[in-house]
Amino acid sequence: MAEPRIERIEVDGALAWRKTYGNPQRRARMALLRWLARRLGLNALIAPIPLDAEAACATEAGMIERLAALGLRVPSIIDRGPTCLVLSGLGQTLALACKREPDLERRADLLRAGFEALIDLHRRGGYASQAVARNLTVADHRIGFIDLEEDPALMMSLPAAQARDALLFVQSSARFLLDHPARYAALLSDYLAQESPAVRAEIGKTARRLRWLAWPASLGSARGRAFAMALRQLGAAAGSGLDWPEAGGPRMNTDEHG
């Protein structure tokens, strides 16, 4: 779908965001990705059907209301129109907090909080749209969820939608401990030990079927090396029996991360 246009505004002296949704683009590309995911049996990675502006707006409002009813931290809807929402701010993103944090232990604590928020979300029967680190927020020691304009459960089962949360979070967060793979592996192992067997099975299946991507990815940029590390850690922690050699001495280059 088209990326929403997001504007920072003030409402009654408080920070807020105006999201204006656009009409879908890249329909052919998304259809190809859905076909490929189905052919490979990657249920958790089936691409969403692109939504028009009104449907995307309604979906985000519905996801916000659903997660709020479950007790999760999500933006308040201050105002809404057919293709626009005005949403309260929830603080800085988890990705930005990790990027700005030089201390290893505090950075690991931020990632642990992200994993714990996913466990809490899933235990309450919920799931996010795209649980990448930039779509989680952190403020007052609480994790929030933003950018909820997709509903993955329209395309997949609940365990697959929850596995999608884990896969996207791992793919987007491994870079913040790229030079400490054992530390990240411990966080991931602790997280998966608390997940349901159905979600662990979906994660393990995805890791097995994407194993061939790890080696070429490890030879590329910092993002590629982080992706390779994420696949290795997922495979090992989910019990899928994957065993790839470690890439030699990668270091995190924060200039490459948004």
# chains A, B, ... in the order shown; residues from 1 in each chain; ligands from 1
>>> select_by_dssp(residues="stretch 20-252 of chain A", states="strand (DSSP E or B)", output="PyMOL selection string")
chain A and resi 20+77-81+84-88+92-93+136-139+142-145
>>> residues_around(residues="A:Tyr21", least_positions_apart="5", cutoff="7 Å", atoms="only C-alpha atoms", output="list in words")
Pro4, Arg5, Ala53, Ala56, Cys57, Thr83 and Cys84 of chain A
>>> write_last_selection(atoms="C-alpha atoms", output="mmCIF file, in the first residue's frame")
data_model
loop_
_atom_site.group_PDB
_atom_site.id
_atom_site.type_symbol
_atom_site.label_atom_id
_atom_site.label_comp_id
_atom_site.auth_asym_id
_atom_site.auth_seq_id
_atom_site.Cartn_x
_atom_site.Cartn_y
_atom_site.Cartn_z
ATOM 1 C CA PRO A 4 0.738 7.266 4.841
ATOM 2 C CA ARG A 5 1.780 10.899 5.032
ATOM 3 C CA ALA A 53 -6.984 4.996 1.759
ATOM 4 C CA ALA A 56 -6.282 1.528 5.627
ATOM 5 C CA CYS A 57 -7.606 4.324 7.844
ATOM 6 C CA THR A 83 -8.776 8.938 5.180
ATOM 7 C CA CYS A 84 -7.101 10.670 8.132
#
>>> closest_residue(among="A:Leu42, A:Arg73, A:Pro48, A:Glu116", to="A:Ile203", atoms="only C-alpha atoms")
A:Leu42
>>> closest_residue(among="A:Gly204, A:Gly144, A:Pro75, A:Pro159", to="A:Leu94", atoms="only C-alpha atoms")
A:Gly144
>>> closest_residue(among="A:Arg124, A:Arg232, A:Asn23, A:Leu51", to="A:Leu70", atoms="only C-alpha atoms")
A:Arg124
>>> residues_around(residues="A:Ser196", least_positions_apart="3", cutoff="9 Å", atoms="only C-alpha atoms", output="PyMOL selection string")
chain A and resi 122-123+159+192-193+199-201
>>> atom_distance(atom1="atom CA of A:Ala160", atom2="atom CA of A:Ala44")
4.6 Å
>>> select_by_dssp(residues="stretch 154-183 of chain A", states="alpha helix (DSSP H)", output="MDAnalysis selection string")
chainID A and resid 158:173 181:183
>>> write_last_selection(atoms="C-alpha atoms", output="tab-separated table (two decimals), in the first residue's frame")
chain	number	residue	atom	x	y	z
A	158	LEU	CA	-3.42	-16.12	14.83
A	159	PRO	CA	-0.22	-18.17	15.54
A	160	ALA	CA	1.18	-17.07	12.17
A	161	ALA	CA	0.31	-13.41	12.86
A	162	GLN	CA	2.04	-13.64	16.23
A	163	ALA	CA	5.04	-15.41	14.68
A	164	ARG	CA	5.16	-12.56	12.15
A	165	ASP	CA	5.52	-10.15	15.11
A	166	ALA	CA	8.51	-12.11	16.39
A	167	LEU	CA	10.14	-12.48	12.97
A	168	LEU	CA	9.84	-8.78	12.16
A	169	PHE	CA	11.06	-7.71	15.58
A	170	VAL	CA	14.08	-10.00	15.44
A	171	GLN	CA	14.92	-8.96	11.87
A	172	SER	CA	14.81	-5.28	12.88
A	173	SER	CA	16.40	-5.47	16.33
A	181	PRO	CA	25.61	-12.18	19.20
A	182	ALA	CA	25.68	-14.31	22.35
A	183	ARG	CA	23.94	-11.53	24.29
>>> residues_around(residues="A:Glu105", least_positions_apart="6", cutoff="12 Å", atoms="only C-alpha atoms", output="short mmCIF file (atom, residue, chain, number, x, y, z; two decimals) with C-alpha atoms, in the first residue's frame")
data_model
loop_
_atom_site.label_atom_id
_atom_site.label_comp_id
_atom_site.auth_asym_id
_atom_site.auth_seq_id
_atom_site.Cartn_x
_atom_site.Cartn_y
_atom_site.Cartn_z
CA CYS A 98 18.53 1.70 20.97
CA LEU A 111 15.42 -5.03 23.59
CA ARG A 112 14.33 -7.25 26.47
CA PHE A 176 21.53 -3.29 17.88
CA LEU A 177 23.57 -6.17 19.35
CA HIS A 180 27.36 -9.17 20.79
CA ARG A 183 23.94 -11.53 24.29
CA TYR A 184 21.24 -11.29 21.65
CA LEU A 187 17.43 -12.53 24.89
#
>>> residues_around(residues="A:Ala14", least_positions_apart="4", cutoff="10 Å", atoms="only C-alpha atoms", output="mmCIF file with N, CA and C atoms, in the first residue's frame")
data_model
loop_
_atom_site.group_PDB
_atom_site.id
_atom_site.type_symbol
_atom_site.label_atom_id
_atom_site.label_comp_id
_atom_site.auth_asym_id
_atom_site.auth_seq_id
_atom_site.Cartn_x
_atom_site.Cartn_y
_atom_site.Cartn_z
ATOM 1 N N ILE A 9 2.152 17.518 14.746
ATOM 2 C CA ILE A 9 1.342 18.684 15.064
ATOM 3 C C ILE A 9 1.211 18.805 16.582
ATOM 4 N N GLU A 10 0.573 19.871 17.045
ATOM 5 C CA GLU A 10 0.247 20.031 18.455
ATOM 6 C C GLU A 10 -1.262 20.088 18.616
ATOM 7 N N SER A 88 -2.426 10.575 19.294
ATOM 8 C CA SER A 88 -1.538 11.072 20.337
ATOM 9 C C SER A 88 -0.150 10.471 20.181
ATOM 10 N N GLY A 89 0.855 11.163 20.699
ATOM 11 C CA GLY A 89 2.211 10.637 20.680
ATOM 12 C C GLY A 89 2.432 9.645 21.811
#
>>> closest_residue(among="A:Gly125, A:Gly91, A:Gly235, A:Gly62", to="A:Thr206", atoms="only C-alpha atoms")
A:Gly235
>>> closest_residue(among="A:Val86, A:Ala230, A:Ala222, A:Glu202", to="A:Ser189", atoms="only C-alpha atoms")
A:Ala230
>>> decode(residues="stretch 44-60 of chain A", atoms="N, CA and C atoms", output="PDB file, in the first residue's frame")
ATOM      1  N   ALA A  44       3.685 -17.022   7.916  1.00  0.00           N
ATOM      2  CA  ALA A  44       3.842 -15.787   8.681  1.00  0.00           C
ATOM      3  C   ALA A  44       4.354 -14.631   7.831  1.00  0.00           C
ATOM      4  N   LEU A  45       4.781 -14.904   6.609  1.00  0.00           N
ATOM      5  CA  LEU A  45       5.342 -13.847   5.757  1.00  0.00           C
ATOM      6  C   LEU A  45       4.463 -13.545   4.549  1.00  0.00           C
ATOM      7  N   ILE A  46       3.212 -13.972   4.563  1.00  0.00           N
ATOM      8  CA  ILE A  46       2.306 -13.654   3.452  1.00  0.00           C
ATOM      9  C   ILE A  46       2.045 -12.157   3.451  1.00  0.00           C
ATOM     10  N   ALA A  47       2.336 -11.516   2.344  1.00  0.00           N
ATOM     11  CA  ALA A  47       2.196 -10.058   2.250  1.00  0.00           C
ATOM     12  C   ALA A  47       0.727  -9.664   2.288  1.00  0.00           C
ATOM     13  N   PRO A  48       0.399  -8.546   2.946  1.00  0.00           N
ATOM     14  CA  PRO A  48      -0.994  -8.111   3.025  1.00  0.00           C
ATOM     15  C   PRO A  48      -1.510  -7.647   1.670  1.00  0.00           C
ATOM     16  N   ILE A  49      -2.814  -7.751   1.503  1.00  0.00           N
ATOM     17  CA  ILE A  49      -3.443  -7.199   0.308  1.00  0.00           C
ATOM     18  C   ILE A  49      -3.465  -5.679   0.449  1.00  0.00           C
ATOM     19  N   PRO A  50      -2.986  -4.927  -0.541  1.00  0.00           N
ATOM     20  CA  PRO A  50      -2.977  -3.465  -0.429  1.00  0.00           C
ATOM     21  C   PRO A  50      -4.388  -2.914  -0.243  1.00  0.00           C
ATOM     22  N   LEU A  51      -4.524  -1.967   0.678  1.00  0.00           N
ATOM     23  CA  LEU A  51      -5.810  -1.367   0.990  1.00  0.00           C
ATOM     24  C   LEU A  51      -5.880   0.052   0.434  1.00  0.00           C
ATOM     25  N   ASP A  52      -7.079   0.463   0.035  1.00  0.00           N
ATOM     26  CA  ASP A  52      -7.219   1.856  -0.378  1.00  0.00           C
ATOM     27  C   ASP A  52      -7.195   2.742   0.868  1.00  0.00           C
ATOM     28  N   ALA A  53      -7.195   4.060   0.654  1.00  0.00           N
ATOM     29  CA  ALA A  53      -6.984   4.996   1.759  1.00  0.00           C
ATOM     30  C   ALA A  53      -8.031   4.837   2.848  1.00  0.00           C
ATOM     31  N   GLU A  54      -9.285   4.711   2.482  1.00  0.00           N
ATOM     32  CA  GLU A  54     -10.345   4.597   3.487  1.00  0.00           C
ATOM     33  C   GLU A  54     -10.233   3.287   4.269  1.00  0.00           C
ATOM     34  N   ALA A  55      -9.915   2.205   3.575  1.00  0.00           N
ATOM     35  CA  ALA A  55      -9.794   0.913   4.254  1.00  0.00           C
ATOM     36  C   ALA A  55      -8.593   0.890   5.191  1.00  0.00           C
ATOM     37  N   ALA A  56      -7.472   1.477   4.768  1.00  0.00           N
ATOM     38  CA  ALA A  56      -6.282   1.528   5.627  1.00  0.00           C
ATOM     39  C   ALA A  56      -6.561   2.354   6.873  1.00  0.00           C
ATOM     40  N   CYS A  57      -7.252   3.471   6.707  1.00  0.00           N
ATOM     41  CA  CYS A  57      -7.606   4.324   7.844  1.00  0.00           C
ATOM     42  C   CYS A  57      -8.514   3.567   8.809  1.00  0.00           C
ATOM     43  N   ALA A  58      -9.524   2.912   8.276  1.00  0.00           N
ATOM     44  CA  ALA A  58     -10.453   2.152   9.126  1.00  0.00           C
ATOM     45  C   ALA A  58      -9.749   0.990   9.813  1.00  0.00           C
ATOM     46  N   THR A  59      -8.806   0.342   9.103  1.00  0.00           N
ATOM     47  CA  THR A  59      -8.068  -0.773   9.697  1.00  0.00           C
ATOM     48  C   THR A  59      -7.231  -0.304  10.875  1.00  0.00           C
ATOM     49  N   GLU A  60      -6.524   0.813  10.714  1.00  0.00           N
ATOM     50  CA  GLU A  60      -5.701   1.297  11.829  1.00  0.00           C
ATOM     51  C   GLU A  60      -6.576   1.682  13.020  1.00  0.00           C
TER      52      GLU A  60
END
